[in-house]
>>> print(open('protein32.pdb').read())   # PDB, C-alpha atoms, pLDDT in the B column
ATOM      1  CA  MET M   1      -4.442 -11.158  22.385  1.00 85.00           C
ATOM      2  CA  GLN M   2      -1.176 -12.762  21.342  1.00 89.00           C
ATOM      3  CA  ILE M   3       0.181 -14.019  18.042  1.00 90.00           C
ATOM      4  CA  THR M   4       3.291 -16.116  17.501  1.00 92.00           C
ATOM      5  CA  LEU M   5       6.083 -15.217  15.133  1.00 93.00           C
ATOM      6  CA  THR M   6       7.545 -18.203  13.272  1.00 95.00           C
ATOM      7  CA  SER M   7      11.234 -18.770  12.564  1.00 96.00           C
ATOM      8  CA  LYS M   8      10.569 -17.256   9.106  1.00 95.00           C
ATOM      9  CA  ARG M   9       9.143 -14.120  10.797  1.00 93.00           C
ATOM     10  CA  GLN M  10       5.608 -14.925   9.694  1.00 93.00           C
ATOM     11  CA  ALA M  11       2.536 -14.346  11.825  1.00 91.00           C
ATOM     12  CA  THR M  12      -1.075 -15.489  11.601  1.00 91.00           C
ATOM     13  CA  PHE M  13      -3.715 -13.014  12.702  1.00 91.00           C
ATOM     14  CA  PRO M  14      -7.013 -14.218  14.188  1.00 92.00           C
ATOM     15  CA  ILE M  15      -9.974 -13.954  11.819  1.00 93.00           C
ATOM     16  CA  GLU M  16     -11.734 -11.395  14.038  1.00 94.00           C
ATOM     17  CA  VAL M  17      -8.720  -9.077  13.750  1.00 92.00           C
ATOM     18  CA  CYS M  18      -8.665  -9.453   9.964  1.00 92.00           C
ATOM     19  CA  LYS M  19     -12.376  -8.715   9.738  1.00 93.00           C
ATOM     20  CA  ALA M  20     -12.076  -5.677  12.001  1.00 93.00           C
ATOM     21  CA  MET M  21      -9.170  -4.336   9.919  1.00 91.00           C
ATOM     22  CA  HIS M  22     -10.930  -5.211   6.613  1.00 90.00           C
ATOM     23  CA  ILE M  23      -7.947  -7.191   5.321  1.00 90.00           C
ATOM     24  CA  LEU M  24      -7.899 -10.312   3.169  1.00 90.00           C
ATOM     25  CA  PRO M  25      -5.170 -12.888   2.541  1.00 90.00           C
ATOM     26  CA  GLY M  26      -2.324 -11.268   0.636  1.00 89.00           C
ATOM     27  CA  ALA M  27      -3.111  -7.788   1.945  1.00 90.00           C
ATOM     28  CA  ARG M  28      -0.171  -5.518   2.656  1.00 91.00           C
ATOM     29  CA  LEU M  29       0.249  -4.114   6.148  1.00 93.00           C
ATOM     30  CA  GLU M  30       2.440  -1.280   7.313  1.00 92.00           C
ATOM     31  CA  ILE M  31       4.086  -1.014  10.693  1.00 93.00           C
ATOM     32  CA  VAL M  32       4.666   2.479  12.043  1.00 92.00           C
ATOM     33  CA  PRO M  33       6.082   3.722  15.356  1.00 94.00           C
ATOM     34  CA  GLY M  34       3.489   4.405  18.022  1.00 93.00           C
ATOM     35  CA  ILE M  35       3.380   7.111  20.668  1.00 94.00           C
ATOM     36  CA  GLN M  36       5.570   5.266  23.170  1.00 93.00           C
ATOM     37  CA  PRO M  37       9.200   4.379  22.239  1.00 90.00           C
ATOM     38  CA  ASP M  38       8.531   0.611  22.458  1.00 92.00           C
ATOM     39  CA  GLU M  39       5.111   0.760  20.766  1.00 95.00           C
ATOM     40  CA  TRP M  40       4.305  -0.085  17.137  1.00 94.00           C
ATOM     41  CA  VAL M  41       1.053   0.230  15.177  1.00 93.00           C
ATOM     42  CA  ILE M  42       0.072  -2.301  12.508  1.00 92.00           C
ATOM     43  CA  ARG M  43      -2.419  -1.028   9.962  1.00 91.00           C
ATOM     44  CA  PRO M  44      -3.576  -1.874   6.438  1.00 90.00           C
ATOM     45  CA  PHE M  45      -1.408  -0.276   3.773  1.00 88.00           C
ATOM     46  CA  ARG M  46      -3.459   2.164   1.750  1.00 81.00           C
ATOM     47  CA  ILE M  47      -2.245   4.139  -1.234  1.00 77.00           C
ATOM     48  CA  ARG M  48      -2.698   7.829  -0.516  1.00 74.00           C
ATOM     49  CA  SER M  49      -4.958   9.367  -3.153  1.00 72.00           C
ATOM     50  CA  GLU M  50      -2.768  12.476  -3.443  1.00 75.00           C
ATOM     51  CA  ARG M  51       0.038  10.245  -4.764  1.00 74.00           C
ATOM     52  CA  LEU M  52      -2.251   9.179  -7.616  1.00 73.00           C
ATOM     53  CA  ALA M  53      -3.137  12.748  -8.613  1.00 74.00           C
ATOM     54  CA  PRO M  54      -0.462  12.955 -11.361  1.00 75.00           C
ATOM     55  CA  LEU M  55      -2.055   9.912 -13.035  1.00 75.00           C
ATOM     56  CA  LYS M  56      -5.575  11.345 -13.028  1.00 73.00           C
ATOM     57  CA  GLY M  57      -6.988  11.495 -16.524  1.00 73.00           C
ATOM     58  CA  LEU M  58      -4.328   9.259 -18.079  1.00 72.00           C
ATOM     59  CA  LEU M  59      -6.431   6.131 -17.807  1.00 66.00           C
ATOM     60  CA  ARG M  60     -10.119   6.383 -18.569  1.00 68.00           C
ATOM     61  CA  ARG M  61     -12.411   3.419 -18.743  1.00 69.00           C
ATOM     62  CA  GLY M  62     -13.888   2.825 -22.175  1.00 67.00           C
ATOM     63  CA  VAL M  63     -12.167   5.798 -23.839  1.00 65.00           C
ATOM     64  CA  GLY M  64      -9.551   4.933 -26.430  1.00 67.00           C
ATOM     65  CA  LYS M  65      -6.614   2.615 -25.922  1.00 73.00           C
ATOM     66  CA  PHE M  66      -3.707   3.016 -23.581  1.00 72.00           C
ATOM     67  CA  ASN M  67      -0.389   3.360 -25.416  1.00 77.00           C
ATOM     68  CA  LEU M  68       2.415   2.113 -23.191  1.00 80.00           C
ATOM     69  CA  GLU M  69       5.187   3.589 -25.354  1.00 83.00           C
ATOM     70  CA  THR M  70       3.598   7.042 -25.248  1.00 83.00           C
ATOM     71  CA  PHE M  71       3.226   6.770 -21.489  1.00 79.00           C
ATOM     72  CA  ARG M  72       6.851   5.675 -21.066  1.00 82.00           C
ATOM     73  CA  ASN M  73       8.166   8.496 -23.263  1.00 85.00           C
ATOM     74  CA  THR M  74       6.140  11.250 -21.570  1.00 83.00           C
ATOM     75  CA  PRO M  75       8.238  13.219 -19.042  1.00 81.00           C
ATOM     76  CA  LYS M  76       7.150  12.660 -15.445  1.00 76.00           C
ATOM     77  CA  ASP M  77       7.991  14.179 -12.080  1.00 74.00           C
ATOM     78  CA  TYR M  78       9.028  10.984 -10.280  1.00 70.00           C
ATOM     79  CA  ALA M  79      10.033  12.860  -7.132  1.00 71.00           C
ATOM     80  CA  SER M  80       6.376  13.650  -6.433  1.00 68.00           C
ATOM     81  CA  LEU M  81       5.488   9.937  -6.587  1.00 65.00           C
ATOM     82  CA  ARG M  82       8.048   8.789  -4.006  1.00 65.00           C
ATOM     83  CA  ASP M  83       7.265   8.128  -0.354  1.00 57.00           C
TER      84      ASP M  83
END
>>> encode(input="protein32.pdb", output="structure tokens")
Amino acid sequence: MQITLTSKRQATFPIEVCKAMHILPGARLEIVPGIQPDEWVIRPFRIRSERLAPLKGLLRRGVGKFNLETFRNTPKDYASLRD
């Protein structure tokens, strides 16, 4: 299967590929090196759940209101949230 890259570096994937990858328009994809030096793997970008662990319990549905100022002023370990 082939796809064409436009002059703006855009590509259109066939619908069967999008369905197989469970991606919708606007989805983010990541491109990572494959096993061979000239090989690349395209896959849907998924947020790793372990990166969300520091936020667990901060937002609860239907319980109180979220205070943005309190959240902003609470010390956080940003290094643990980085890729």
>>> residues_around(input="protein32.pdb", residues="segment 37-46 of chain M", least_positions_apart="6", cutoff="8 Å", atoms="all atoms listed in the file", output="list of chain:residue names")
M:Met21, M:Ile23, M:Ala27, M:Arg28, M:Leu29, M:Glu30, M:Ile31
>>> atom_distance(input="protein32.pdb", atom1="atom CA of Met1 of chain M", atom2="atom CA of Gly26 of chain M")
21.9 Å
>>> atom_distance(input="protein32.pdb", atom1="atom CA of Lys19 of chain M", atom2="atom CA of Ser7 of chain M")
25.8 Å
>>> residues_around(input="protein32.pdb", residues="Pro25 of chain M", least_positions_apart="6", cutoff="12 Å", atoms="all atoms listed in the file", output="NGL selection string")
:M and (12-15 or 18-19 or 44)
>>> atom_distance(input="protein32.pdb", atom1="atom CA of Thr70 of chain M", atom2="atom CA of Ser49 of chain M")
23.8 Å
>>> axis_aligned_box(input="protein32.pdb", around="segment 25-30 of chain M", padding_each_side="6 Å", output="lines of an AutoDock Vina configuration file")
center_x = -1.4
center_y = -7.1
center_z = 4.0
size_x = 19.6
size_y = 23.6
size_z = 18.7
